[in-house]
$ cat structure17.cif   # mmCIF, C-alpha atoms
data_data
loop_
_atom_site.label_atom_id
_atom_site.label_comp_id
_atom_site.auth_asym_id
_atom_site.auth_seq_id
_atom_site.Cartn_x
_atom_site.Cartn_y
_atom_site.Cartn_z
CA MET E 5 41.30 52.20 -33.21
CA LYS E 6 40.35 51.88 -29.52
CA LEU E 7 40.10 48.49 -27.79
CA LEU E 8 38.52 48.82 -24.36
CA SER E 9 38.61 46.46 -21.38
CA ARG E 10 39.04 42.75 -22.02
CA GLY E 11 37.75 39.86 -24.12
CA ARG E 12 38.82 41.38 -27.43
CA PRO E 13 38.82 39.07 -30.51
CA TRP E 14 42.64 39.19 -30.70
CA ALA E 15 42.95 36.59 -33.47
CA PHE E 16 40.69 38.73 -35.65
CA VAL E 17 42.47 41.97 -34.65
CA PHE E 18 45.89 40.52 -35.50
CA GLU E 19 44.65 39.18 -38.83
CA LEU E 20 42.87 42.43 -39.79
CA PHE E 21 45.74 44.70 -38.65
CA PRO E 22 48.95 42.64 -39.02
CA GLU E 23 51.18 45.75 -38.71
CA ALA E 24 49.27 47.36 -35.81
CA ARG E 25 51.02 49.09 -32.91
CA PHE E 26 49.44 48.82 -29.48
CA VAL E 27 49.34 51.66 -26.91
CA HIS E 28 48.41 50.36 -23.45
CA VAL E 29 46.95 53.19 -21.31
CA THR E 30 47.17 52.37 -17.59
CA ARG E 31 46.23 53.95 -14.29
CA SER E 32 47.34 53.23 -10.73
CA PRO E 33 44.99 50.74 -9.06
CA THR E 34 44.95 52.90 -5.94
CA THR E 35 42.69 55.30 -7.84
CA ALA E 36 41.44 53.06 -10.70
CA VAL E 37 39.83 50.43 -8.44
CA PRO E 38 37.79 52.90 -6.31
CA SER E 39 36.84 54.82 -9.47
CA MET E 40 35.51 51.60 -11.05
CA MET E 41 33.60 50.83 -7.85
CA GLU E 42 32.06 54.31 -7.84
CA PHE E 43 31.09 54.85 -11.47
CA VAL E 44 30.33 51.32 -12.69
CA GLY E 45 28.86 50.47 -9.31
CA ARG E 46 26.16 53.10 -9.80
CA ASP E 47 24.49 50.83 -12.37
CA TYR E 48 25.76 47.40 -11.32
CA GLY E 49 25.75 46.72 -7.61
CA VAL E 50 28.29 43.89 -7.77
CA TRP E 51 30.90 46.43 -8.87
CA GLN E 52 30.69 48.14 -5.49
CA ARG E 53 32.66 45.20 -4.10
CA VAL E 54 36.40 45.79 -4.18
CA GLU E 55 37.00 42.16 -5.21
CA THR E 56 35.01 42.64 -8.45
CA ALA E 57 36.89 45.81 -9.43
CA GLU E 58 40.24 44.21 -8.57
CA SER E 59 39.44 41.14 -10.69
CA GLU E 60 38.51 43.30 -13.69
CA PHE E 61 41.66 45.41 -13.27
CA VAL E 62 43.91 42.32 -13.16
CA THR E 63 42.20 40.48 -16.04
CA ALA E 64 42.12 43.48 -18.39
CA HIS E 65 45.76 44.46 -17.84
CA ARG E 66 47.02 40.88 -18.04
CA GLU E 67 45.33 40.55 -21.42
CA ALA E 68 47.00 43.75 -22.64
CA LEU E 69 50.36 42.60 -21.26
CA GLY E 70 49.80 39.33 -23.13
CA VAL E 71 49.83 41.31 -26.39
CA ARG E 72 53.19 42.74 -25.32
CA ASP E 73 54.49 39.26 -24.48
CA LEU E 74 53.53 38.06 -27.98
CA GLY E 75 56.21 40.46 -29.28
CA LYS E 76 53.75 42.92 -30.81
CA PRO E 77 54.86 46.59 -31.06
CA TYR E 78 53.79 47.83 -27.63
CA LEU E 79 53.96 51.07 -25.64
CA CYS E 80 52.72 51.51 -22.05
CA VAL E 81 51.40 55.00 -21.20
CA ARG E 82 50.43 55.88 -17.63
CA GLN E 83 47.64 58.39 -17.06
CA GLU E 84 49.69 59.84 -14.21
CA ASP E 85 52.47 60.65 -16.68
CA ILE E 86 49.92 62.32 -18.97
CA ALA E 87 48.82 64.52 -16.07
CA ARG E 88 52.41 65.45 -15.15
CA ASP E 89 53.90 66.01 -18.61
CA PRO E 90 51.42 65.66 -21.48
CA ARG E 91 53.82 67.04 -24.08
CA ARG E 92 56.51 64.42 -23.33
CA VAL E 93 53.97 61.58 -23.42
CA TRP E 94 52.48 62.84 -26.68
CA GLU E 95 55.93 63.02 -28.30
CA ALA E 96 56.67 59.48 -27.13
CA VAL E 97 53.39 58.22 -28.63
CA CYS E 98 54.13 59.99 -31.92
CA ALA E 99 57.64 58.52 -32.06
CA PHE E 100 56.24 55.06 -31.33
CA GLY E 101 53.62 55.44 -34.06
CA GLY E 102 56.18 56.68 -36.55
CA PHE E 103 54.52 60.02 -37.33
CA ALA E 104 55.46 63.63 -36.70
CA ALA E 105 54.38 65.14 -33.40
CA GLU E 106 51.68 67.75 -33.97
CA PRO E 107 51.05 70.56 -31.42
CA ILE E 108 49.34 69.06 -28.41
CA GLU E 109 47.26 72.17 -27.61
CA GLY E 110 43.58 71.31 -27.89
CA LEU E 111 44.16 67.54 -28.13
CA HIS E 112 41.96 66.01 -25.41
CA ARG E 113 43.49 68.00 -22.57
CA GLU E 114 40.48 67.24 -20.38
CA VAL E 115 42.05 63.94 -19.30
CA ASN E 116 44.64 65.94 -17.36
CA ALA E 117 41.91 67.55 -15.26
CA ALA E 118 40.65 64.24 -13.86
CA ARG E 119 40.34 64.63 -10.09
CA SER E 120 41.43 61.02 -9.52
CA MET E 121 44.78 61.84 -11.15
CA ARG E 122 45.36 64.21 -8.25
CA GLY E 123 44.67 61.48 -5.71
CA ARG E 124 40.95 62.14 -5.20
CA VAL E 125 37.70 60.68 -6.45
CA ARG E 126 34.20 62.09 -6.17
CA GLN E 127 31.66 61.45 -3.42
CA GLY E 128 34.38 61.30 -0.81
CA ARG E 129 35.66 57.80 -1.76
CA PRO E 130 39.39 57.94 -0.95
CA PRO E 131 42.18 56.22 -2.89
CA LEU E 132 43.09 52.76 -1.64
CA SER E 133 46.43 52.04 -0.01
CA TRP E 134 48.73 49.48 -1.58
CA ALA E 135 48.38 47.35 1.55
CA ALA E 136 44.61 47.12 0.98
CA LEU E 137 45.00 45.67 -2.55
CA SER E 138 45.19 41.97 -3.39
CA PRO E 139 48.51 40.23 -4.23
CA GLU E 140 47.29 39.79 -7.82
CA VAL E 141 46.79 43.56 -8.21
CA VAL E 142 50.22 44.20 -6.68
CA ALA E 143 51.86 41.72 -9.10
CA VAL E 144 50.24 43.36 -12.14
CA SER E 145 51.18 46.80 -10.80
CA GLN E 146 54.80 45.68 -10.61
CA ASP E 147 54.64 44.55 -14.25
CA LEU E 148 53.15 47.95 -15.17
CA GLY E 149 55.92 49.78 -13.31
CA TYR E 150 53.86 51.26 -10.48
CA LEU E 151 55.72 49.23 -7.86
CA PRO E 152 59.32 48.00 -7.73
CA ARG E 153 59.89 44.28 -8.10
CA ALA E 154 61.47 43.59 -4.71
CA PRO E 155 61.05 40.62 -2.35
CA GLU E 156 61.03 43.07 0.55
CA ARG E 157 60.19 46.76 0.86
CA ASP E 158 60.96 47.38 4.55
CA GLY E 159 63.75 49.90 4.05
CA VAL E 160 64.52 52.96 1.94
CA LYS E 161 67.65 51.37 0.50
CA ALA E 162 65.78 48.22 -0.54
CA VAL E 163 63.05 50.26 -2.24
CA VAL E 164 65.56 52.46 -4.10
CA ASN E 165 67.61 49.47 -5.24
CA ALA E 166 64.49 47.60 -6.37
CA ALA E 167 63.21 50.67 -8.23
CA LEU E 168 66.53 51.07 -10.06
CA ALA E 169 66.56 47.37 -10.91
CA SER E 170 62.99 47.66 -12.17
CA GLN E 171 63.92 50.57 -14.43
CA LEU E 172 66.88 48.66 -15.83
CA GLU E 173 64.70 45.62 -16.38
CA ASP E 174 62.09 47.72 -18.21
CA ALA E 175 64.83 49.26 -20.36
CA GLU E 176 66.20 45.82 -21.21
CA ARG E 177 62.70 44.58 -22.05
CA SER E 178 62.15 47.59 -24.34
CA ARG E 179 65.49 46.93 -26.01
CA ALA E 180 64.60 43.26 -26.53
CA VAL E 181 61.18 44.18 -27.95
CA LEU E 182 62.79 46.72 -30.29
CA ALA E 183 65.37 44.14 -31.43
CA ARG E 184 62.59 41.59 -32.04
CA THR E 185 60.57 44.13 -33.99
CA CYS E 186 63.60 45.01 -36.14
CA ASP E 187 64.25 41.32 -36.84
CA GLU E 188 60.60 40.80 -37.79
CA LEU E 189 60.63 43.83 -40.12
CA ARG E 190 63.86 42.65 -41.74
CA ALA E 191 62.40 39.17 -42.29
CA GLN E 192 59.19 40.66 -43.70
CA LEU E 193 61.19 42.76 -46.17
CA ASP E 194 63.07 39.66 -47.32
CA ARG E 195 59.79 37.81 -47.80
CA LEU E 196 58.28 40.77 -49.64
CA HIS E 197 61.25 40.81 -52.00
CA GLY E 198 60.65 37.15 -52.83
CA THR E 199 56.93 37.80 -53.18
CA ILE E 200 57.48 40.60 -55.69
CA GLY E 201 59.74 38.34 -57.72
CA GLY E 202 57.07 35.65 -57.73
CA ILE E 203 54.43 38.13 -58.93
CA LEU E 204 56.41 39.88 -61.66
CA GLU E 205 57.19 36.77 -63.69
CA PRO E 206 53.57 35.71 -64.40
CA LEU E 207 52.60 39.35 -64.97
CA ARG E 208 55.32 39.67 -67.63
CA SER E 209 53.94 36.52 -69.24
CA LEU E 210 50.47 38.08 -69.26
CA ARG E 211 51.78 41.25 -70.91
CA VAL E 212 53.54 39.29 -73.64
CA ARG E 213 50.71 36.87 -74.41
CA GLY E 214 47.68 38.71 -73.03
CA ASP E 215 45.86 39.04 -76.35
CA ARG E 216 46.11 35.30 -77.01
CA LEU E 217 45.33 33.88 -73.55
CA THR E 218 42.12 32.02 -72.87
CA LEU E 219 40.30 32.46 -69.55
CA ASP E 220 41.69 29.15 -68.26
CA GLU E 221 45.21 30.22 -69.20
CA VAL E 222 44.77 33.51 -67.36
CA ARG E 223 43.60 31.61 -64.29
CA ARG E 224 46.62 29.27 -64.49
CA VAL E 225 49.04 32.19 -64.85
CA LEU E 226 47.54 34.15 -61.95
CA GLU E 227 47.21 31.18 -59.60
CA PRO E 228 50.89 31.31 -58.51
CA VAL E 229 50.41 35.00 -57.76
CA ALA E 230 47.58 34.28 -55.36
CA GLU E 231 49.55 31.45 -53.75
CA THR E 232 52.60 33.68 -53.31
CA VAL E 233 50.59 36.50 -51.75
CA ASP E 234 48.75 34.08 -49.44
CA ALA E 235 52.06 32.59 -48.33
CA TYR E 236 53.48 36.06 -47.62
CA LEU E 237 50.42 37.16 -45.64
CA GLY E 238 50.51 33.94 -43.66
CA LEU E 239 54.12 34.59 -42.69
CA VAL E 240 53.42 38.20 -41.74
CA ARG E 241 50.47 37.14 -39.55
CA GLU E 242 52.49 34.41 -37.88
CA ARG E 243 51.50 33.90 -34.26
CA ASP E 244 52.86 30.41 -33.84
CA ARG E 245 54.28 30.20 -30.32
CA ARG E 246 55.24 26.49 -30.62
CA GLU E 247 55.14 25.55 -26.97
CA ARG E 248 57.56 22.74 -26.28
CA VAL E 249 56.08 19.39 -25.24
CA PRO E 250 58.55 17.19 -23.34
CA ALA E 251 59.05 13.79 -24.93
CA ALA E 252 58.04 10.78 -22.87
CA ASP E 253 60.60 8.07 -22.11
CA GLY E 254 61.51 6.28 -25.31
CA ASP E 255 59.56 8.68 -27.51
CA PRO E 256 61.21 10.57 -30.39
CA PRO E 257 62.03 14.26 -29.78
CA ARG E 258 59.50 16.92 -30.67
CA LEU E 259 59.51 17.89 -34.37
CA GLU E 260 59.51 21.50 -35.56
CA PHE E 261 56.42 22.65 -37.42
CA ARG E 262 57.17 22.71 -41.15
CA THR E 263 54.24 24.84 -42.32
CA THR E 264 53.28 28.26 -40.97
CA LEU E 265 49.64 28.74 -40.02
CA PRO E 266 48.22 32.24 -39.28
CA CYS E 267 47.13 31.12 -35.82
CA GLN E 268 47.15 32.75 -32.40
CA ARG E 269 48.73 29.79 -30.60
CA ARG E 270 50.16 26.45 -31.67
CA THR E 271 51.37 23.48 -29.66
CA GLY E 272 52.02 19.74 -30.00
CA THR E 273 54.72 17.15 -30.66
CA GLY E 274 54.75 17.77 -34.44
CA GLU E 275 54.72 14.07 -35.39
CA VAL E 276 51.56 14.76 -37.42
CA GLN E 277 51.14 18.38 -38.51
CA LEU E 278 48.37 20.57 -39.86
CA GLU E 279 49.27 22.06 -43.24
CA ARG E 280 46.09 24.00 -43.99
CA VAL E 281 42.80 24.87 -42.30
CA GLU E 282 39.88 26.44 -44.16
CA LEU E 283 36.23 27.30 -43.69
CA LEU E 284 34.33 26.34 -46.86
CA ASP E 285 30.87 27.11 -48.19
CA ALA E 286 28.48 24.68 -49.87
CA VAL E 287 30.54 24.64 -53.10
CA ARG E 288 33.82 24.22 -51.18
CA ALA E 289 35.05 27.76 -51.71
CA ALA E 290 36.87 29.50 -48.86
CA VAL E 291 34.55 31.85 -46.97
CA ARG E 292 34.96 34.35 -44.12
CA ALA E 293 31.34 35.50 -43.74
CA VAL E 294 28.41 33.10 -43.30
CA GLY E 295 24.68 33.58 -42.98
CA LEU E 296 22.20 31.83 -40.75
CA GLY E 297 21.39 28.40 -42.15
CA ASP E 298 24.36 28.31 -44.53
CA ARG E 299 25.95 24.91 -45.03
CA VAL E 300 29.66 25.20 -44.16
CA ALA E 301 32.58 22.84 -43.64
CA VAL E 302 35.79 23.01 -41.62
CA GLU E 303 38.52 21.47 -43.77
CA ALA E 304 41.82 20.36 -42.20
CA THR E 305 44.74 19.02 -44.23
CA LEU E 306 47.44 17.19 -42.28
CA ARG E 307 50.72 15.39 -43.00
CA ALA E 308 52.32 12.54 -41.04
CA PHE E 309 56.07 12.58 -40.30
CA VAL E 310 56.13 9.28 -38.39
CA PRO E 311 54.11 6.06 -38.71
CA VAL E 312 50.96 6.50 -36.63
CA ASP E 313 47.54 4.92 -36.15
CA ASN E 314 44.37 5.79 -34.21
CA VAL E 315 44.53 9.40 -35.42
CA SER E 316 41.70 11.72 -34.43
CA VAL E 317 41.02 15.21 -35.82
CA SER E 318 38.89 17.71 -33.91
CA PHE E 319 37.59 21.24 -34.39
CA ALA E 320 35.97 23.86 -32.16
CA VAL E 321 34.22 27.13 -32.94
CA ARG E 322 35.07 29.79 -30.35
CA ASP E 323 33.60 33.19 -29.61
CA ALA E 324 35.54 36.44 -29.20
CA ALA E 325 36.30 35.62 -25.55
CA GLY E 326 37.83 32.26 -26.51
CA VAL E 327 34.94 30.15 -25.21
CA SER E 328 34.37 26.96 -27.24
CA LEU E 329 30.75 26.90 -28.42
CA LEU E 330 30.54 23.84 -30.64
CA GLY E 331 32.73 21.21 -32.22
CA THR E 332 33.49 17.52 -32.29
CA THR E 333 36.16 14.90 -33.07
CA THR E 334 36.36 12.07 -35.56
CA PHE E 335 36.97 9.79 -32.56
CA ASP E 336 33.76 10.85 -30.79
CA GLU E 337 31.78 10.59 -34.04
CA ARG E 338 33.07 6.99 -34.52
CA VAL E 339 34.67 7.86 -37.88
CA PRO E 340 37.97 5.91 -37.95
CA LEU E 341 40.83 7.46 -39.92
CA PRO E 342 43.38 5.31 -41.74
CA ALA E 343 46.83 4.56 -40.34
CA LEU E 344 49.36 7.04 -41.69
CA GLU E 345 52.87 6.45 -42.99
CA PRO E 346 55.52 9.20 -43.12
CA GLY E 347 54.65 11.62 -45.92
CA THR E 348 50.96 10.66 -46.05
CA VAL E 349 48.64 13.64 -46.53
CA LEU E 350 45.04 13.41 -45.32
CA THR E 351 42.17 15.90 -45.59
CA VAL E 352 39.24 15.80 -43.16
CA ARG E 353 36.06 17.86 -43.48
CA PHE E 354 33.45 18.58 -40.81
CA ALA E 355 30.20 19.75 -42.45
CA PHE E 356 27.38 21.38 -40.51
CA GLU E 357 24.69 24.04 -40.75
CA HIS E 358 25.66 27.42 -39.32
CA ARG E 359 23.18 28.55 -36.64
CA LEU E 360 25.17 30.88 -34.37
CA ARG E 361 24.02 34.40 -33.61
CA PRO E 362 25.77 37.30 -35.41
CA GLY E 363 29.32 37.98 -34.25
CA VAL E 364 32.99 37.20 -34.78
CA TYR E 365 34.18 33.62 -34.30
CA SER E 366 37.38 31.66 -34.74
CA LEU E 367 38.35 28.04 -35.36
CA ALA E 368 40.65 25.79 -33.34
CA VAL E 369 41.75 22.50 -34.93
CA ALA E 370 43.74 19.68 -33.34
CA VAL E 371 45.25 16.32 -34.33
CA THR E 372 45.74 13.64 -31.68
CA ARG E 373 46.27 9.91 -31.22
CA VAL E 374 43.68 8.41 -28.87
CA THR E 375 42.17 4.98 -28.19
CA ARG E 376 40.38 5.39 -24.86
CA ARG E 377 36.99 7.06 -24.50
CA ASP E 378 38.17 8.96 -21.44
CA TYR E 379 41.10 10.36 -23.49
CA ALA E 380 43.55 9.17 -20.83
CA ASP E 381 46.06 8.04 -23.49
CA ALA E 382 45.63 11.05 -25.82
CA ARG E 383 48.83 12.34 -27.45
CA LEU E 384 48.59 15.82 -28.96
CA PHE E 385 50.38 16.06 -32.31
CA ASP E 386 49.30 19.55 -33.38
CA GLN E 387 46.77 22.14 -32.21
CA ALA E 388 46.24 25.51 -33.90
CA ASP E 389 44.07 28.03 -32.04
CA GLY E 390 42.50 30.94 -33.92
CA CYS E 391 43.70 29.69 -37.31
CA VAL E 392 40.58 30.98 -39.13
CA THR E 393 38.46 33.98 -38.13
CA PHE E 394 35.00 34.50 -39.64
CA HIS E 395 31.87 36.64 -39.27
CA ALA E 396 28.35 35.37 -38.66
CA LEU E 397 26.08 37.78 -40.52
CA ALA E 398 22.83 39.15 -39.15
CA SER E 399 19.57 38.30 -40.92
CA PRO E 400 16.68 40.77 -40.58
CA GLU E 401 14.23 38.02 -41.58
CA ARG E 402 15.42 35.61 -38.87
CA PRO E 403 17.00 37.32 -35.83
CA VAL E 404 18.86 35.14 -33.33
CA HIS E 405 18.19 36.42 -29.83
CA TYR E 406 20.21 33.82 -27.96
CA LEU E 407 23.48 31.99 -28.57
CA VAL E 408 22.25 29.65 -31.28
CA HIS E 409 19.14 29.20 -33.39
CA GLU E 410 17.80 25.67 -33.15
CA PRO E 411 14.80 24.89 -35.40
CA VAL E 412 11.80 24.20 -33.18
CA ALA E 413 8.48 22.63 -34.18
CA ILE E 414 5.54 24.67 -32.88
CA GLU E 415 1.90 23.62 -32.81
CA TRP E 416 -1.18 24.85 -31.05
CA SER E 417 -4.75 23.75 -30.56
CA ARG E 418 -7.94 25.41 -29.44
CA ALA E 419 -9.57 24.08 -26.30
#

$ encode --input "structure17.cif" --output "structure tokens"
Amino acid sequence: MKLLSRGRPWAFVFELFPEARFVHVTRSPTTAVPSMMEFVGRDYGVWQRVETAESEFVTAHREALGVRDLGKPYLCVRQEDIARDPRRVWEAVCAFGGFAAEPIEGLHREVNAARSMRGRVRQGRPPLSWAALSPEVVAVSQDLGYLPRAPERDGVKAVVNAALASQLEDAERSRAVLARTCDELRAQLDRLHGTIGGILEPLRSLRVRGDRLTLDEVRRVLEPVAETVDAYLGLVRERDRRERVPAADGDPPRLEFRTTLPCQRRTGTGEVQLERVELLDAVRAAVRAVGLGDRVAVEATLRAFVPVDNVSVSFAVRDAAGVSLLGTTTFDERVPLPALEPGTVLTVRFAFEHRLRPGVYSLAVAVTRVTRRDYADARLFDQADGCVTFHALASPERPVHYLVHEPVAIEWSRA
């Protein structure tokens, strides 16, 4: 599958392809930036400005490097290396993907004929010098391996030493990523073993008593199977980064999250923790595809680990680029929640009518303590970003041309 440019719905990609491997194809900005200015600039004048092309180059590659930094299986392939030695690059990609290397002859060799890979672009636009590029582009280029990471590059010895150090650093990073991947695979195998054990027992019971089970009994027997599989998939899709929040003076230390959520990012003190987040339909069944006008609810179940009052729960619906489109908080809606003692479990539901245009969206849910309307005293207990991904379905009877469909009363009169 090909993911171009930036703004990809990563939470949805990770959930849909939990075992995916990511190949990051790069190109030197000295030729990539002028090429973007030339070819995209033909249709969009703003792209003829070097600042626009530089910004797109930096943003797109930083997003791809962010996938690497999440610990996902990642391989960086430079187009310049493809032009120099396509066979070696192809073998490296095959080894990374875990499949046998087929003969490369006839496999998209045209990329090697690109004039910009030989240091030229069409219409006489020359490659840019490194000195002409912004510091942000230089920093990303260092992370991609096009430039050595050196505080100074005013001598041959300094450049050589920095280049060697960069290569060693890249090798160490690759080793660390490989070790992390092996640890994750080992943990997943252990979880799968436990999952299989949890599935076999109820299936044996079904085989023994299948001819005498009622429908309710079948549902009761199979329910642990579904719970076990859901728990396993949640662990496999784990993207909980658990950013540390320093404790204020006199406050208890941050608590580890007890329950895994299949989210893209998670942060907070952990004193009150989310245990489950779901998107429900009108009959309170979990749903991942909704139609225009459907009545839905965001359901958040949380557990307190310390005594706490003035708790507020919030949710936000975000688009594929991570922009929050709608949402609210119990605090803003003037719905007070009860004080919680350690061990108390509370479920909060936000019900609304779905009116967004077709697309892929995700949910972010947070739990805080707040008393002031300006949120100056807010304390974040738990926030899970991208914990549920869902599709807004298109309706041929009622197209949505803009961001949201808001019912409008229309009337007319004849003069």

$ resolve_selection --input "structure17.cif" --expression "the PyMOL selection byres ((chain E and resi 307) around 8)" --output "list of chain:residue names"
E:Val276, E:Gln277, E:Leu278, E:Glu279, E:Thr305, E:Leu306, E:Ala308, E:Phe309, E:Pro346, E:Gly347, E:Thr348, E:Val349, E:Leu350

$ closest_residue --input "structure17.cif" --among "E:Arg72, E:Arg288, E:Arg402, E:Arg383" --to "Ala355 of chain E" --atoms "all atoms listed in the file"
E:Arg288

$ residues_around --input "structure17.cif" --residues "Trp134 of chain E" --least-positions-apart "3" --cutoff "8 Å" --atoms "all atoms listed in the file" --output "VMD selection string"
chain E and resid 34 137 142

$ write_last_selection --input "structure17.cif" --atoms "C-alpha atoms" --output "compact mmCIF listing (two decimals), in the frame of the given file"
# COMPACT_ATOMS: atom_id res chain seq x y z
CA THR E 34 44.95 52.90 -5.94
CA LEU E 137 45.00 45.67 -2.55
CA VAL E 142 50.22 44.20 -6.68

$ residues_around --input "structure17.cif" --residues "His409 of chain E" --least-positions-apart "6" --cutoff "10 Å" --atoms "all atoms listed in the file" --output "list in words"
Leu296, Gly297, His358, Arg359, Leu360, Arg361, Arg402 and Pro403 of chain E

$ residues_near_point --input "structure17.cif" --point "(32.0, 24.8, -29.7)" --cutoff "12 Å" --atoms "all atoms listed in the file" --output "PyMOL selection string"
chain E and resi 318-323+326-333+358-360+365-369+407-408

$ atom_distance --input "structure17.cif" --atom1 "atom CA of Ala24 of chain E" --atom2 "atom CA of Ala304 of chain E"
28.7 Å

$ residues_around --input "structure17.cif" --residues "Val302 of chain E" --least-positions-apart "5" --cutoff "8 Å" --atoms "all atoms listed in the file" --output "list in words"
Val281, Glu282, Leu283, Leu284, Phe319, Arg353, Phe354 and Ala355 of chain E

$ residues_around --input "structure17.cif" --residues "segment 57-69 of chain E" --least-positions-apart "4" --cutoff "7 Å" --atoms "all atoms listed in the file" --output "PyMOL selection string"
chain E and resi 9-10+28+37+40-41+51+53+73+140-141+144

$ closest_residue --input "structure17.cif" --among "E:Thr372, E:Val93, E:Arg269, E:Ala301" --to "Asp313 of chain E" --atoms "all atoms listed in the file"
E:Thr372
